[in-house]
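Chemist: The structure is given below, and queries will be raised subsequently.
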Amino acid sequence: MNAALEISHLTKRYGKEVAVDDISLSVEKGEFFGFLGKNGAGKTSTINSIVGIARFQEGVIKIDGSDVVKDYREARRKVGLSPQEFNMDIFTSVRMTLNFVAGYYGLNKKERTVRIDQLLEQLDLVKHAGKEFQQLSGGLKRRAVLARALIHNPQLLILDEPTAGIDVEIRRELWDYLRKINKEGVTIVLTSHYLEEVELLCDKIAIISDGKIVASGDKSDFVKEGKNLEQAYLEITSKPKEII
């Protein structure tokens, strides 16, 4: 059976600068996978390579067996990205944005209506559906961006700092929703600087530093001997450059 995400010997350069240095990792279907690293460590370059925003120089990336370069149309149908940045048209309503993106993925009018109504209900956006994006609070913006990522029922969902800048109550509501869709079969890759969030939600974890994977394994590998994930992360990322 194909992995949800398979990265083999990925190298991404910007000119002479190596952002991602020959990394390999696998995310199995149904996993909630934490992908951690400092700013500039290579997380965003890896994510952009997966979803087709950035071109990479070496390696192979497959989403459920579909090569993101050779089979890019099929691969992109299988993945949804909720980015850290609010990269939405601020003058367009939530419903119109979801309708446009659903059409981009080929959903017909009936399918679009059903799926949009479903996500608006699930993410408590019904009464905000007609508002322009700029009129939403920070928490509602996060939900709208997540709804956009899920509009085409992707098999793999990539979340880049999905709860940044929102209050504790809304964060916990999002955690519950993410657990729910993960149990329903959506594979999730999460990047977050809130390490307690990763420790709570994720089954497996990989840490990238200076473009290389320096640690990976089950969550239990990181939180043993009385340590929490934050302690383990700080120890690993402060070590000299070596593969652990």
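So you can find residues: chains in the structure tokens are A, B, ... in the order shown, residues in each start at 1, and ligands are numbered from 1 in order.
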Can you tell me, as a ChimeraX atom specification, what residues are no more than 10 Å from segment 52-66 of chain A when counting only C-alpha atoms, ignoring any on the same chain fewer than 3 positions away?
Modeler: /A:1-14,20-29,44-49,69-79,155-156
Chemist: Please provide the set of residues having any atom within 7 Å of segment 118-133 of chain A, restricted to only C-alpha atoms, with same-chain residues fewer than 4 positions apart removed, written as a compact mmCIF listing (two decimals) with all heavy atoms, in the first residue's frame.
Modeler:
```txt
# COMPACT_ATOMS: atom_id res chain seq x y z
N ASP A 89 -8.20 36.41 -0.66
CA ASP A 89 -8.68 37.68 -1.17
C ASP A 89 -9.50 38.34 -0.06
O ASP A 89 -10.57 37.86 0.31
CB ASP A 89 -9.54 37.45 -2.40
CG ASP A 89 -10.00 38.76 -3.06
OD1 ASP A 89 -9.97 39.82 -2.39
OD2 ASP A 89 -10.38 38.72 -4.23
N ILE A 90 -9.00 39.43 0.48
CA ILE A 90 -9.63 40.03 1.66
C ILE A 90 -10.99 40.66 1.36
O ILE A 90 -11.76 40.93 2.28
CB ILE A 90 -8.70 41.07 2.32
CG1 ILE A 90 -8.44 42.26 1.38
CG2 ILE A 90 -7.39 40.42 2.76
CD1 ILE A 90 -7.68 43.39 2.05
N PHE A 91 -11.28 40.91 0.08
CA PHE A 91 -12.54 41.56 -0.28
C PHE A 91 -13.62 40.57 -0.73
O PHE A 91 -14.72 40.97 -1.10
CB PHE A 91 -12.30 42.59 -1.39
CG PHE A 91 -11.31 43.65 -1.03
CD1 PHE A 91 -10.09 43.72 -1.66
CD2 PHE A 91 -11.60 44.59 -0.04
CE1 PHE A 91 -9.17 44.71 -1.34
CE2 PHE A 91 -10.68 45.56 0.31
CZ PHE A 91 -9.46 45.62 -0.34
N THR A 92 -13.31 39.29 -0.70
CA THR A 92 -14.24 38.26 -1.14
C THR A 92 -14.82 37.52 0.06
O THR A 92 -14.11 37.27 1.05
CB THR A 92 -13.54 37.25 -2.07
OG1 THR A 92 -13.02 37.96 -3.19
CG2 THR A 92 -14.49 36.19 -2.58
N SER A 93 -16.09 37.17 0.00
CA SER A 93 -16.72 36.49 1.11
C SER A 93 -16.19 35.06 1.26
O SER A 93 -15.63 34.48 0.31
CB SER A 93 -18.24 36.43 0.92
OG SER A 93 -18.58 35.53 -0.12
N VAL A 94 -16.39 34.51 2.43
CA VAL A 94 -15.94 33.15 2.69
C VAL A 94 -16.61 32.18 1.74
O VAL A 94 -15.95 31.33 1.12
CB VAL A 94 -16.27 32.75 4.15
CG1 VAL A 94 -15.93 31.28 4.40
CG2 VAL A 94 -15.51 33.64 5.13
N ARG A 95 -17.92 32.29 1.56
CA ARG A 95 -18.64 31.37 0.67
C ARG A 95 -18.15 31.49 -0.77
O ARG A 95 -17.96 30.47 -1.46
CB ARG A 95 -20.15 31.62 0.73
CG ARG A 95 -20.94 30.64 -0.14
CD ARG A 95 -22.42 30.88 -0.02
NE ARG A 95 -22.96 30.54 1.28
CZ ARG A 95 -23.31 29.31 1.63
NH1 ARG A 95 -23.15 28.29 0.79
NH2 ARG A 95 -23.81 29.08 2.84
N VAL A 114 -23.06 21.34 -1.55
CA VAL A 114 -23.10 20.38 -0.44
C VAL A 114 -21.83 20.47 0.40
O VAL A 114 -21.89 20.53 1.65
CB VAL A 114 -23.29 18.95 -0.97
CG1 VAL A 114 -23.10 17.94 0.16
CG2 VAL A 114 -24.67 18.79 -1.60
N LYS A 141 -10.63 33.67 10.64
CA LYS A 141 -9.77 33.60 9.45
C LYS A 141 -9.07 32.26 9.38
O LYS A 141 -8.95 31.65 8.30
CB LYS A 141 -8.75 34.74 9.47
CG LYS A 141 -9.35 36.10 9.16
CD LYS A 141 -8.31 37.22 9.28
CE LYS A 141 -8.92 38.57 8.93
NZ LYS A 141 -7.96 39.68 9.13
N ARG A 143 -10.13 29.46 10.54
CA ARG A 143 -11.12 28.45 10.15
C ARG A 143 -11.42 28.53 8.66
O ARG A 143 -11.59 27.50 8.00
CB ARG A 143 -12.40 28.65 10.95
CG ARG A 143 -12.24 28.43 12.44
CD ARG A 143 -13.59 28.55 13.13
NE ARG A 143 -13.43 28.71 14.56
CZ ARG A 143 -14.45 28.76 15.40
NH1 ARG A 143 -15.68 28.68 14.96
NH2 ARG A 143 -14.24 28.91 16.70
N ALA A 147 -10.98 25.64 5.95
CA ALA A 147 -12.08 25.19 5.09
C ALA A 147 -11.64 25.16 3.64
O ALA A 147 -11.98 24.22 2.89
CB ALA A 147 -13.28 26.11 5.28
```
Chemist: Quick one: residues within 12 Å of Arg142 of chain A, only C-alpha atoms, excluding same-chain residues fewer than 5 positions away - as an MDAnalysis selection string?
Modeler: chainID A and resid 82:88 94 123:125 133 136:137 147:149 159:167 170:171 173:174
Chemist: Interatomic distance between atom CA of Gly42 of chain A and atom CA of Leu140 of chain A?
Modeler: 28.3 Å
Chemist: Show which residues sit within 8 Å of Phe35 of chain A, as a list in words. Count only C-alpha atoms, and ignore same-chain residues fewer than 2 positions away.
Modeler: Phe33, Gly37, Lys43, Val189, Leu190, Thr191, Ser192, Ile205, Ala206, Ile207 and Ile208 of chain A
Chemist: Could you jot down the atom CA of Lys212 of chain A to atom CA of Glu225 of chain A separation for me, Å, one decimal place?
Modeler: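 Separation between atom CA of Lys212 of chain A and atom CA of Glu225 of chain A: 25.6 Å.
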Chemist: One decimal, in Å: what's the spacing between atom CA of His152 of chain A and atom CA of Asn99 of chain A?
Modeler: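 Rounded to one decimal, the two atoms are 10.7 Å apart.
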Chemist: Determine which residues of segment 34-188 of chain A receive a DSSP assignment of strand (DSSP E or B), computed from the backbone, and state them as a PyMOL selection string.
Modeler: chain A and resi 34-36+58-63+66-67+79-82+93+132+156-160+187-188
Chemist: Write a file of the selected residues as a compact mmCIF listing (two decimals), in the first residue's frame, keeping N, CA, C and O atoms.
Modeler:
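Output saved as again07.txt:
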```
# COMPACT_ATOMS: atom_id res chain seq x y z
N GLY A 34 3.89 15.15 13.12
CA GLY A 34 4.45 16.45 13.46
C GLY A 34 5.78 16.68 12.76
O GLY A 34 6.67 15.82 12.80
N PHE A 35 5.90 17.83 12.12
CA PHE A 35 7.13 18.19 11.39
C PHE A 35 7.66 19.48 12.00
O PHE A 35 7.11 20.55 11.80
N LEU A 36 8.75 19.36 12.77
CA LEU A 36 9.22 20.47 13.60
C LEU A 36 10.57 20.99 13.15
O LEU A 36 11.38 20.27 12.57
N GLU A 58 16.56 17.98 -6.60
CA GLU A 58 16.83 16.54 -6.54
C GLU A 58 15.81 15.85 -5.66
O GLU A 58 15.24 16.45 -4.75
N GLY A 59 15.60 14.56 -5.94
CA GLY A 59 14.72 13.76 -5.11
C GLY A 59 13.37 13.50 -5.74
O GLY A 59 13.06 13.97 -6.83
N VAL A 60 12.56 12.74 -5.00
CA VAL A 60 11.22 12.36 -5.45
C VAL A 60 10.25 12.56 -4.29
O VAL A 60 10.55 12.21 -3.14
N ILE A 61 9.09 13.13 -4.59
CA ILE A 61 8.01 13.26 -3.62
C ILE A 61 6.77 12.63 -4.22
O ILE A 61 6.38 12.95 -5.34
N LYS A 62 6.13 11.74 -3.46
CA LYS A 62 4.90 11.11 -3.91
C LYS A 62 3.82 11.28 -2.85
O LYS A 62 4.07 11.12 -1.66
N ILE A 63 2.61 11.58 -3.31
CA ILE A 63 1.44 11.66 -2.45
C ILE A 63 0.52 10.51 -2.84
O ILE A 63 0.00 10.48 -3.96
N SER A 66 1.36 9.18 -6.18
CA SER A 66 1.40 10.11 -7.31
C SER A 66 2.59 11.04 -7.19
O SER A 66 2.72 11.77 -6.19
N ASP A 67 3.45 11.02 -8.18
CA ASP A 67 4.65 11.86 -8.20
C ASP A 67 4.24 13.32 -8.36
O ASP A 67 3.50 13.67 -9.29
N VAL A 79 -3.94 16.57 -1.99
CA VAL A 79 -3.35 17.31 -0.87
C VAL A 79 -4.04 18.66 -0.69
O VAL A 79 -4.44 19.31 -1.65
N GLY A 80 -4.20 19.05 0.57
CA GLY A 80 -4.70 20.37 0.91
C GLY A 80 -3.71 21.06 1.83
O GLY A 80 -3.13 20.42 2.71
N LEU A 81 -3.52 22.36 1.63
CA LEU A 81 -2.57 23.13 2.43
C LEU A 81 -3.28 24.27 3.14
O LEU A 81 -3.96 25.08 2.52
N SER A 82 -3.10 24.32 4.46
CA SER A 82 -3.55 25.46 5.26
C SER A 82 -2.30 26.21 5.71
O SER A 82 -1.65 25.80 6.67
N SER A 93 -16.09 37.17 0.00
CA SER A 93 -16.72 36.49 1.11
C SER A 93 -16.19 35.06 1.26
O SER A 93 -15.63 34.48 0.31
N GLU A 132 -16.85 39.49 4.10
CA GLU A 132 -15.55 39.55 3.46
C GLU A 132 -14.48 39.03 4.42
O GLU A 132 -14.61 39.17 5.64
N LEU A 156 -4.52 14.03 2.13
CA LEU A 156 -3.42 14.53 2.95
C LEU A 156 -3.64 16.01 3.21
O LEU A 156 -3.81 16.80 2.28
N LEU A 157 -3.64 16.40 4.48
CA LEU A 157 -3.81 17.80 4.88
C LEU A 157 -2.53 18.27 5.54
O LEU A 157 -2.06 17.66 6.50
N ILE A 158 -1.97 19.36 5.03
CA ILE A 158 -0.76 19.95 5.60
C ILE A 158 -1.13 21.25 6.31
O ILE A 158 -1.71 22.16 5.70
N LEU A 159 -0.81 21.33 7.58
CA LEU A 159 -1.15 22.48 8.42
C LEU A 159 0.12 23.18 8.86
O LEU A 159 0.92 22.60 9.59
N ASP A 160 0.28 24.42 8.44
CA ASP A 160 1.46 25.20 8.80
C ASP A 160 1.05 26.26 9.82
O ASP A 160 0.42 27.26 9.48
N THR A 187 -5.09 12.03 6.58
CA THR A 187 -3.72 12.06 7.09
C THR A 187 -3.31 13.52 7.27
O THR A 187 -3.54 14.35 6.39
N ILE A 188 -2.72 13.85 8.40
CA ILE A 188 -2.38 15.24 8.71
C ILE A 188 -0.90 15.39 9.00
O ILE A 188 -0.33 14.61 9.78
```
